[in-house]
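Asks: final07.cif (mmCIF, C-alpha atoms) pasted underneath:
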```cif
data_query
#
loop_
_atom_site.label_atom_id
_atom_site.label_comp_id
_atom_site.auth_asym_id
_atom_site.auth_seq_id
_atom_site.Cartn_x
_atom_site.Cartn_y
_atom_site.Cartn_z
CA ARG A 1 2.80 24.81 -15.36
CA TYR A 2 5.61 22.87 -13.70
CA ALA A 3 6.55 20.84 -16.77
CA PRO A 4 9.53 23.08 -17.65
CA PHE A 5 11.06 22.47 -14.23
CA THR A 6 10.70 18.73 -13.57
CA GLU A 7 10.50 15.45 -15.45
CA TRP A 8 8.32 13.55 -12.97
CA MET A 9 5.67 14.77 -10.55
CA THR A 10 3.28 13.30 -7.99
CA HIS A 11 0.53 14.43 -5.62
CA VAL A 12 0.70 12.62 -2.27
CA ASP A 13 -0.46 13.39 1.24
CA ILE A 14 1.91 13.78 4.18
CA ASP A 15 0.77 10.40 5.55
CA GLU A 16 1.52 8.49 2.35
CA TYR A 17 4.89 6.84 1.77
CA LEU A 18 6.13 5.81 -1.67
CA VAL A 19 8.65 3.10 -0.82
CA PRO A 20 11.17 1.50 -3.21
CA MET A 21 11.04 -2.29 -3.30
CA GLY A 22 13.18 -5.13 -4.60
CA GLN A 23 16.66 -4.05 -5.65
CA TYR A 24 15.79 -0.34 -5.71
CA THR A 25 17.08 2.07 -3.09
CA ASN A 26 15.43 5.17 -4.55
CA LEU A 27 12.50 6.10 -6.77
CA LYS A 28 14.57 7.88 -9.41
CA ASP A 29 16.29 4.71 -10.58
CA MET A 30 13.01 2.81 -10.55
CA LEU A 31 11.25 5.45 -12.67
CA ARG A 32 14.09 5.57 -15.16
CA ASP A 33 14.10 1.81 -15.60
CA VAL A 34 10.31 1.59 -15.96
CA ALA A 35 10.18 4.44 -18.47
CA GLU A 36 13.01 2.98 -20.55
CA ALA A 37 11.65 -0.57 -20.50
CA SER A 38 7.99 0.09 -21.29
CA GLY A 39 7.66 3.76 -22.18
CA THR A 40 5.40 4.33 -19.17
CA LYS A 41 4.58 7.97 -18.50
CA ILE A 42 1.96 7.45 -15.75
CA LEU A 43 2.68 5.00 -12.94
CA ASN A 44 -0.19 4.02 -10.63
CA PHE A 45 0.12 3.04 -6.96
CA ARG A 46 -2.87 1.18 -5.52
CA ASN A 47 -3.85 2.70 -2.19
CA ILE A 48 -5.42 0.91 0.79
CA GLY A 49 -5.02 2.38 4.25
CA GLY A 50 -2.84 0.43 6.67
CA LYS A 51 -4.12 -0.65 10.07
CA LEU A 52 -2.62 0.58 13.36
CA ARG A 53 -0.73 -2.45 14.62
CA ALA A 54 -1.54 -3.77 18.07
CA ASP A 55 2.17 -4.30 18.80
CA MET A 56 2.87 -0.65 17.93
CA SER A 57 0.10 0.80 20.11
CA ASN A 58 -0.94 0.92 23.75
CA PRO A 59 -4.39 0.53 25.31
CA THR A 60 -5.91 3.79 26.47
CA GLY A 61 -9.38 3.72 27.97
CA LEU A 62 -11.46 1.51 25.70
CA GLY A 63 -9.29 2.11 22.62
CA ARG A 64 -5.66 2.16 21.54
CA ARG A 65 -3.11 4.87 20.78
CA GLN A 66 0.13 4.69 18.78
CA LYS A 67 3.19 4.21 20.97
CA ALA A 68 5.44 7.19 21.51
CA ASN A 69 8.74 7.20 19.59
CA THR A 70 7.45 4.86 16.89
CA THR A 71 7.30 6.00 13.28
CA PHE A 72 4.03 6.08 11.37
CA LEU A 73 5.70 3.98 8.68
CA GLN A 74 6.17 1.12 11.13
CA ALA A 75 2.98 1.58 13.18
CA TYR A 76 0.78 1.34 10.07
CA ASN A 77 2.85 -1.17 8.13
CA CYS A 78 -0.03 -3.65 8.10
CA ASP A 79 -2.05 -3.85 4.89
CA THR A 80 -5.35 -5.71 4.70
CA TYR A 81 -4.18 -7.52 1.56
CA LYS A 82 -1.02 -9.40 0.82
CA PRO A 83 0.97 -7.66 -1.92
CA PRO A 84 0.20 -6.99 -4.63
CA LYS A 85 -2.95 -5.08 -3.67
CA PRO A 86 -6.10 -6.04 -5.60
CA GLU A 87 -7.65 -3.83 -8.26
CA ARG A 88 -10.60 -3.17 -5.99
CA PRO A 89 -10.60 -1.37 -3.65
CA GLY A 90 -6.99 -0.44 -4.44
CA ASP A 91 -7.83 1.70 -7.48
CA ARG A 92 -10.45 3.85 -5.76
CA SER A 93 -7.93 6.21 -4.16
CA LYS A 94 -4.79 5.32 -6.13
CA LYS A 95 -1.91 7.75 -6.40
CA GLN A 96 0.20 8.42 -9.48
CA ILE A 97 3.68 9.50 -10.49
CA PHE A 98 3.55 11.02 -13.94
CA GLN A 99 5.71 12.82 -16.47
CA ALA A 100 4.86 16.49 -16.13
CA GLY A 101 5.21 17.16 -19.83
CA TYR A 102 2.72 14.43 -20.73
CA MET A 103 0.02 15.15 -18.14
CA ARG A 104 -1.99 18.24 -19.07
CA SER A 105 -4.53 18.08 -16.22
CA HIS A 106 -4.56 15.96 -13.06
CA TYR A 107 -6.93 15.69 -10.10
CA VAL A 108 -5.60 14.16 -6.87
CA HIS A 109 -6.08 10.48 -7.72
CA TYR A 110 -6.89 10.44 -11.40
CA THR A 111 -5.66 11.32 -14.85
CA LEU A 112 -7.87 13.89 -16.54
CA VAL A 113 -6.13 15.12 -19.71
CA THR A 114 -2.96 13.80 -21.33
CA GLU A 115 -1.23 14.42 -24.64
CA SER A 116 -2.76 11.21 -26.00
CA LEU A 117 -6.26 12.37 -25.13
CA MET A 118 -5.70 15.64 -26.98
CA GLN A 119 -4.96 13.92 -30.27
CA THR A 120 -7.46 14.70 -33.03
CA TYR A 121 -8.94 12.59 -35.79
CA LYS A 122 -6.33 14.02 -38.12
CA ASP A 123 -3.56 12.87 -35.76
CA LEU A 124 -4.94 9.35 -35.39
CA ARG A 125 -6.50 8.73 -38.82
CA HIS A 126 -7.17 4.99 -39.15
CA LYS A 127 -6.50 4.45 -35.41
CA PHE A 128 -9.36 6.75 -34.39
CA GLN A 129 -11.86 5.32 -31.88
CA ARG A 130 -15.09 6.91 -30.73
CA ARG A 131 -14.44 5.77 -27.16
CA PHE A 132 -11.01 6.60 -25.80
CA PRO A 133 -9.32 3.41 -24.52
CA LYS A 134 -7.00 3.14 -21.55
CA ASP A 135 -4.07 5.51 -21.86
CA PRO A 136 -1.35 3.64 -23.77
CA PHE A 137 1.40 5.07 -21.56
CA GLU A 138 -0.23 4.32 -18.19
CA GLY A 139 0.73 1.35 -16.05
CA TYR A 140 0.83 -0.03 -12.51
CA VAL A 141 3.85 -0.33 -10.30
CA ASP A 142 5.05 -3.83 -9.41
CA GLU A 143 4.72 -3.82 -5.62
CA LEU A 144 7.14 -6.69 -5.16
CA THR A 145 10.03 -5.56 -7.34
CA GLN A 146 9.60 -1.81 -7.95
CA ALA A 147 7.78 0.22 -5.27
CA THR A 148 4.70 0.31 -3.07
CA LEU A 149 2.53 2.83 -1.25
CA VAL A 150 1.93 2.74 2.51
CA HIS A 151 -0.98 4.89 3.69
CA THR A 152 -0.52 5.74 7.38
CA LYS A 153 -3.72 7.65 8.03
CA THR A 154 -3.96 8.23 11.79
CA LEU A 155 -6.54 6.20 13.66
CA PRO A 156 -8.15 8.41 16.33
CA VAL A 157 -8.52 6.68 19.69
CA GLU A 158 -12.30 7.07 19.61
CA LEU A 159 -12.53 5.03 16.40
CA SER A 160 -10.73 2.12 18.04
CA VAL A 161 -13.12 1.93 21.01
CA GLY A 162 -14.58 -1.56 21.29
CA TYR A 163 -11.68 -3.25 19.53
CA GLU A 164 -11.53 -5.97 22.18
CA SER A 165 -14.81 -7.46 20.99
CA ALA A 166 -14.68 -6.31 17.35
CA CYS A 167 -11.29 -7.97 16.78
CA HIS A 168 -12.05 -11.22 18.57
CA TYR A 169 -12.38 -14.28 16.38
CA LYS A 170 -15.73 -15.12 17.96
CA SER A 171 -17.23 -11.77 16.95
CA PHE A 172 -19.93 -12.22 14.34
CA ASP A 173 -21.48 -8.76 14.51
CA PRO A 174 -21.13 -7.26 10.99
CA SER A 175 -21.69 -3.76 12.38
CA GLU A 176 -18.41 -4.00 14.29
CA MET A 177 -15.21 -3.23 12.41
CA CYS A 178 -11.82 -4.22 13.73
CA ARG A 179 -9.65 -1.15 13.10
CA ILE A 180 -6.61 -2.49 14.97
CA GLY A 181 -4.09 -4.55 13.02
CA TYR A 182 -3.18 -8.05 14.14
CA PRO A 183 -0.58 -9.24 11.60
CA TRP A 184 -0.48 -12.75 10.25
CA PRO A 185 2.69 -14.43 11.57
CA ASP A 186 5.51 -14.69 9.03
CA THR A 187 5.28 -18.48 9.09
CA THR A 188 1.57 -18.72 8.27
CA ASP A 189 -0.60 -18.16 5.26
CA GLU A 190 -4.31 -17.50 5.64
CA SER A 191 -5.01 -19.36 2.38
CA ALA A 192 -3.84 -22.60 3.94
CA THR A 193 -6.79 -24.01 5.83
CA ILE A 194 -5.08 -27.14 7.09
CA SER A 195 -1.68 -28.01 8.51
CA GLN A 196 0.07 -31.12 9.70
CA ASP A 197 0.98 -31.91 13.28
CA ALA A 198 4.50 -33.15 13.86
CA ALA A 199 3.28 -36.19 15.83
CA PRO A 200 1.81 -38.93 13.59
CA ARG A 201 -1.52 -40.55 14.42
CA GLN A 202 -1.73 -44.26 13.64
CA GLY A 203 1.13 -43.91 11.23
CA ARG A 204 -0.39 -40.88 9.43
CA PRO A 205 -0.03 -37.15 10.14
CA THR A 206 -2.96 -35.47 11.84
CA ARG A 207 -4.63 -32.72 9.85
CA ARG A 208 -6.22 -29.76 11.58
CA LYS A 209 -7.46 -26.34 10.66
CA GLN A 210 -4.86 -23.60 10.89
CA LYS A 211 -5.64 -21.01 13.52
CA ASP A 212 -6.69 -17.62 12.18
CA HIS A 213 -6.21 -15.87 15.53
CA ASN A 214 -3.54 -15.32 18.18
CA ALA A 215 -3.35 -16.58 21.74
CA ASP A 216 -5.57 -13.72 22.93
CA GLY A 217 -8.27 -14.62 20.44
CA LYS A 218 -7.65 -11.65 18.15
CA ARG A 219 -8.22 -12.53 14.52
CA TYR A 220 -5.32 -11.97 12.13
CA ASN A 221 -6.37 -9.27 9.67
CA CYS A 222 -3.32 -7.71 7.98
CA TYR A 223 0.20 -8.27 6.66
CA VAL A 224 3.49 -6.63 7.59
CA ASN A 225 5.70 -5.82 4.62
CA SER A 226 8.96 -7.44 5.76
CA HIS A 227 11.16 -5.40 3.41
CA ILE A 228 9.79 -2.16 4.82
CA GLU A 229 10.03 -3.48 8.38
CA LYS A 230 13.60 -4.75 8.16
CA HIS A 231 15.14 -2.30 5.68
CA TRP A 232 13.31 1.02 5.47
CA VAL A 233 12.05 1.48 9.04
CA PRO A 234 15.60 1.31 10.50
CA LYS A 235 16.81 3.74 7.83
CA LEU A 236 14.01 6.18 8.65
CA GLU A 237 14.71 5.94 12.38
CA GLN A 238 18.41 6.52 11.77
CA ALA A 239 17.69 9.60 9.65
CA LEU A 240 15.33 11.01 12.30
CA ARG A 241 17.94 10.55 15.05
CA ARG A 242 20.56 12.23 12.89
CA ASN A 243 18.28 15.21 12.26
CA LEU A 244 17.45 15.50 15.97
CA ARG A 245 21.16 15.63 16.84
CA ARG A 246 21.63 18.42 14.32
CA GLY A 247 18.65 20.28 15.73
CA ASP A 248 16.79 20.30 12.40
#
```
Would you mind giving the structure from this file in structure tokens?

Replies:
Amino acid sequence: RYAPFTEWMTHVDIDEYLVPMGQYTNLKDMLRDVAEASGTKILNFRNIGGKLRADMSNPTGLGRRQKANTTFLQAYNCDTYKPPKPERPGDRSKKQIFQAGYMRSHYVHYTLVTESLMQTYKDLRHKFQRRFPKDPFEGYVDELTQATLVHTKTLPVELSVGYESACHYKSFDPSEMCRIGYPWPDTTDESATISQDAAPRQGRPTRRKQKDHNADGKRYNCYVNSHIEKHWVPKLEQALRRNLRRGD
């Protein structure tokens, strides 16, 4: 019913940020370029909740709470996976931007009915298939060059209780889940299992396993998106300060 009033539409929660990436400074330009280049009418964003970063939270009792005067975008800018997010579990709760005139029925995360699905045997003729394939006008956003989704679902303090042991690299209890984010340092890569010491040993560099935890023994478990951290977080903070001065 909104198709006459808008070209593109999306359903997102208040704690979900659709963030332009690469050269883009807004979603409108990105959508126009994607639609013109590939004819995409449905653009999927894989969705995996970010972790509350330890450096953006304070201990309270046995858990942790987000620091005052920090934005949710920065506090939860710590995804479990390095971009791009994997198909699973990223597709389970994906979000979509779609052309309102093409989408006939939509339910939160998923496409239900599109113009392509409504085509009849007469419309398709020799192209008719008994099982409807993937929508020909549906695609996935490039998280490195187009846009990405940051899900900043609040972590209640009570769900972070016990993080000291659950997040320690010596914890082997599978029933414990580390819900606090300890980002991999910018200079490290968890896929590299060995590194070289600067000092040679008998004329050859010494090889050792790369540490997967910080000085406090907390295991690295997420990644900070540097473009969001350095570019979009300052812009958001600036906009919030400007609105506060105006009394909005």

Asks: Which residue is closest to Val224 in chain A? Choose from A:Val108, A:Ile14, A:Gly181, A:Asn44 and count all atoms listed in the file.

Replies: A:Gly181

Asks: Could you work out how far CA of Gly139 in chain A lies from CA of Tyr24 in chain A, giving the answer in Å with one decimal?

Replies: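 So the two atoms, CA of Tyr24 in chain A and CA of Gly139 in chain A, lie 18.3 Å apart.
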
Asks: Can you list what the PyMOL selection byres ((chain A and resi 177) around 12) grabs from this structure, as a list in words?

Replies: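 Evaluating the PyMOL selection byres ((chain A and resi 177) around 12) on these coordinates yields Lys51, Leu159, Ser160, Val161, Gly162, Tyr163, Glu164, Ser165, Ala166, Cys167, His168, Ser171, Phe172, Asp173, Pro174, Ser175, Glu176, Cys178, Arg179, Ile180, Gly181, Arg219 and Asn221 of chain A.
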
Asks: Fewer than 3 positions away in the same chain doesn't count, so skip those; otherwise give me all residues within 7 Å of Trp184 in chain A, counting all atoms listed in the file, as a PyMOL selection string.

Replies: chain A and resi 188+220-223

Asks: What's around Asp33 in chain A at 12 Å? Count only C-alpha atoms, leave out sequence neighbours fewer than 6 positions away in its own chain, and write the answer as a PyMOL selection string.

Replies: chain A and resi 23-24+26-27+39-41+141+145-146

Asks: Near Ala35 in chain A, counting all atoms listed in the file, which residues have an atom at most 12 Å away, once you skip same-chain residues fewer than 5 positions from it, shown as a list of chain:residue names?

Replies: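 So, after excluding close chain neighbours, the residues are A:Glu7, A:Trp8, A:Lys28, A:Asp29, A:Met30, A:Thr40, A:Lys41, A:Ile42, A:Leu43, A:Ile97, A:Phe98, A:Gln99, A:Phe137, A:Glu138, A:Gly139, A:Tyr140, A:Val141.
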
Asks: When you count only C-alpha atoms, which of these residues is closest to Lys218 in chain A: A:Asn243, A:Thr154, A:Lys85, A:Ala54?

Replies: A:Ala54

Asks: So what do you get for CA of Asn58 in chain A versus CA of Leu149 in chain A, distance-wise?

Replies: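 That distance, rounded to one decimal, is 25.3 Å.
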
Asks: So how far away is CA of Tyr182 in chain A from CA of Arg88 in chain A, in Å?

Replies: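 Atom-to-atom, CA of Arg88 in chain A and CA of Tyr182 in chain A are spaced 22.0 Å apart.
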
Asks: For a quick check of understanding, using all atoms listed in the file, which of A:Asp79, A:Glu158, A:Asp135, A:Asp91 has the smallest distance to Arg64 in chain A?

Replies: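 Looking only at the distances to Arg64 in chain A, the closest residue turns out to be A:Glu158.
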
Asks: Using only C-alpha atoms, find the one residue out of A:Arg46, A:Lys211, A:Arg246, A:Val157 that sits nearest to Gly61 in chain A.

Replies: A:Val157

Asks: Please return the centre and edge lengths, in Å to one decimal, of a box with edges along x, y and z that contains all listed atoms of range 50-55 of chain A, widened by 4 Å on every side, as AutoDock Vina command-line options.

Replies:
```
--center_x -1.0 --center_y -1.9 --center_z 12.7 --size_x 14.3 --size_y 12.9 --size_z 20.1
```
